[in-house]
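**Q** Shown below is the structure under consideration.
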Amino acid sequence: MTVRLFVLLAGCILMSVCCFRYLMKWEMWTYMELVERGVIEFDPDKLIADLQEKAKDIDFLGTDKKTLLCLLGTEQYDDGYTLIMFYDEEGLYQYDAVTPQVWDSISVKRFWYDDVGFYTGMDRQGELAFRDTTETVSIHSYHQAQIVIPYLVGALSISMLFMLPVVFYVWNRMRYVGRLKEEILVMADGNLEDAIMVKGRDEIGILARNLNEMRLAMGENIRKEQEGQQANRELISSMSHDLRTPLTTLYGYLEIVEQGKCPEDKREEYIRRCIEKVEEIRTLSDRMFEYALVYETNEQAELEELYLEELLEELERGREFLELQGFQVQADYSVELGARILGNRVFFQRMFNNLVSNILKYGDKESTVAINVRLHQGSVEIIFLNRKRKQQEQVESNQIGLKSVKRMAELQGGSIFMAEEKGSFAVTLCFPVLEE
């Protein structure tokens with residue numbers, strides 16, 4: 001906008017100055033046209049003829065100036081714009097018969113353009129034959145001074161018309177700024193549905209475009225926040241209901257055992273059912289933690305230096321648990337002792353537990369599960385690879401377990417890659433290794 005306004009202003013000023021200079025060159029022509037059309041009345045030929053008629057009966061040399069001028073009646077020609085001078089036969093200056101008042105005016109001294117009144121075509125020289133001598137009379141017109149100021153104002157006014165594009169441009173952009181102000185106030189009141197009008201490619205147009213994008217982003221964030229709040233309410237309601245069910249059952253079994261109402265042959269079965277309900281409650285509580293972790297945007301992890309040996313211990317526990325559940329596990333830990341990463345041990349425990357739980361739910365016990373740890377290009381890679389059962393249970397809703405693993409990996413500065421092909425499922429965790 002600044003560059004465009006500067007170019008427009010410079011162009012308009014240049015055209016305005018050129019127009020003014022051009023119009024002022026036509027001031028003389030305008031004056032002559034006004035005289036010819038009778039707007040300005042002045043006839044030097046008639047004035048000389050009148051003076052000649054009076055001079056033939058007057059002695060020039062024997063009459064003083066005041067009396068001579070009175071006899072010639074020069075006062076009637078003193079309109080403030082006429083100069084009448086007398087010269088003798090040898091061309092020597094005698095005196096002024098009429099001196100124009102406009103001679104010392106500001107219009108002549110400050111605003112007289114082009115040729116002065118002596119050369120306007122309205123000046124005359126003639127001979128007056130007095131009874132005792134012949135004098136030359138010189139008449140000069142300063143009537144052009146009548147139009148100097150009006151013509152100057154008119155020329156300036158016409159020239160200033162070339163500045164109208166600048167005025168219109170500024171007025172148009174200011175009106176647009178006013179509209180943007182109103183639309184911003186509407187948006188500030190909470191109305192994010194009405195679009196902000198984008199007009200132009202200058203700074204104001206870019207501002208409007210950014211405001212429009214901000215409006216859309218705010219609307220999307222509010223929508224997501226409302227959806228998240230609704231999802232959280234539904235989650236809490238659902239989890240509360242799901243937790244009450246196994247808790248009620250667990251309480252019933254424990255109450256039976258505590259009151260001694262349980263037959264001896266049923267005791268082990270009741271204890272097994274209690275363990276199942278405890279496991280169900282633990283699973284639900286883990287699920288609540290995972291949901292909170294995935295949807296909590298301000299979550300931060302307390303990181304510390306961890307040796308890979310500590311992580312391998314957690315992996316070994318997961319491997320042993322899988323083998324106890326009937327899986328065949330092949331582990332390969334190709335890492336150097338003493339390598340360190342920056343992470344959170346609790347997060348690693350939960351990530352490994354989630355991945356092991358996924359294998360328990362969906363893995364095929366007839367195929368070997370591979371757990372590999374290796375160093376590759378300055379990062380440690382932890383790989384879980386297994387085949388999925390053909391007859392598998394219903395897939396976990398929204399894959400929240402894997403989402404929580406991804407979220408915890410990102411909080412520790414790592415990344416996760418998942419790949420599924422021909423019934424095989426692989427998850428790779430990558431974390432940068434600290435330099436020595």
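Ordered as shown in the structure tokens, chains take letters A, B, and onward, while each chain numbers its residues from 1 and ligands are numbered from 1 in the order shown.
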Write out as a list of chain:residue names the residues lying within 9 Å of A:Leu254, counting only C-alpha atoms and excluding same-chain residues fewer than 5 positions away.
**A**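 Residues meeting the cut-off are A:Thr249, A:Gln259, A:Tyr270, A:Ile271, A:Cys274.
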**Q** Restricting the output to all heavy atoms, write the selected residues as a CSV table (one decimal), in the first residue's frame.
**A**
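Saved to again35.csv:
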```csv
chain,number,residue,atom,x,y,z
A,249,THR,N,-19.3,-56.7,40.9
A,249,THR,CA,-19.1,-58.1,40.9
A,249,THR,C,-18.0,-58.6,41.9
A,249,THR,O,-18.1,-59.6,42.6
A,249,THR,CB,-18.8,-58.6,39.5
A,249,THR,OG1,-19.9,-58.1,38.6
A,249,THR,CG2,-18.7,-60.1,39.4
A,259,GLN,N,-17.5,-63.8,54.2
A,259,GLN,CA,-18.6,-64.3,55.1
A,259,GLN,C,-18.6,-65.8,55.3
A,259,GLN,O,-19.4,-66.4,56.0
A,259,GLN,CB,-19.9,-63.8,54.7
A,259,GLN,CG,-20.1,-62.3,54.8
A,259,GLN,CD,-21.4,-61.8,54.3
A,259,GLN,OE1,-22.2,-62.6,53.8
A,259,GLN,NE2,-21.7,-60.5,54.4
A,270,TYR,N,-13.8,-68.7,42.6
A,270,TYR,CA,-14.2,-67.4,43.0
A,270,TYR,C,-12.9,-66.5,43.0
A,270,TYR,O,-13.0,-65.3,42.6
A,270,TYR,CB,-14.9,-67.4,44.3
A,270,TYR,CG,-16.3,-67.8,44.3
A,270,TYR,CD1,-16.9,-68.3,43.1
A,270,TYR,CD2,-17.2,-67.7,45.4
A,270,TYR,CE1,-18.2,-68.7,43.0
A,270,TYR,CE2,-18.5,-68.1,45.4
A,270,TYR,CZ,-19.0,-68.6,44.2
A,270,TYR,OH,-20.3,-69.0,44.1
A,271,ILE,N,-11.8,-67.0,43.5
A,271,ILE,CA,-10.6,-66.2,43.5
A,271,ILE,C,-10.1,-65.9,42.1
A,271,ILE,O,-9.7,-64.8,41.8
A,271,ILE,CB,-9.5,-67.0,44.3
A,271,ILE,CG1,-9.9,-67.1,45.8
A,271,ILE,CG2,-8.1,-66.3,44.1
A,271,ILE,CD1,-8.9,-67.9,46.6
A,274,CYS,N,-12.3,-63.2,40.8
A,274,CYS,CA,-11.8,-61.9,41.4
A,274,CYS,C,-10.6,-61.3,40.7
A,274,CYS,O,-10.5,-60.1,40.4
A,274,CYS,CB,-11.6,-62.1,42.9
A,274,CYS,SG,-13.0,-62.3,43.9
```
**Q** Using the chain letters and numbers from this document, which residues of stretch 11-200 of chain A does DSSP assign to strand (DSSP E), as a list in words?
**A**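 Matching residues, listed in order: Thr82, Leu83, Ile84, Met85, Phe86, Tyr87, Tyr93, Gln94, Tyr95, Asp96, Ala97, Val98, Arg124, Gln125, Gly126, Glu127, Leu128, Ala129, Thr134, Glu135, Thr136, Val137, Ser138, Ile139, His140 and Ser141 of chain A.
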**Q** Which polymer residues have any atom within 9 Å of an atom of A:Glu302, counting only C-alpha atoms, with same-chain residues fewer than 5 positions away left out, as a ChimeraX atom specification?
**A** /A:343-344,412
**Q** Suppose we keep C-alpha atoms; can you now write the selection as a PDB file, in the first residue's frame?
**A**
```pdb
ATOM      1  CA  GLY A 343      13.515 -40.209  28.382  1.00  0.00           C
ATOM      2  CA  ASN A 344      11.064 -41.094  31.123  1.00  0.00           C
ATOM      3  CA  GLN A 412      10.338 -37.838  24.884  1.00  0.00           C
TER       4      GLN A 412
END
```
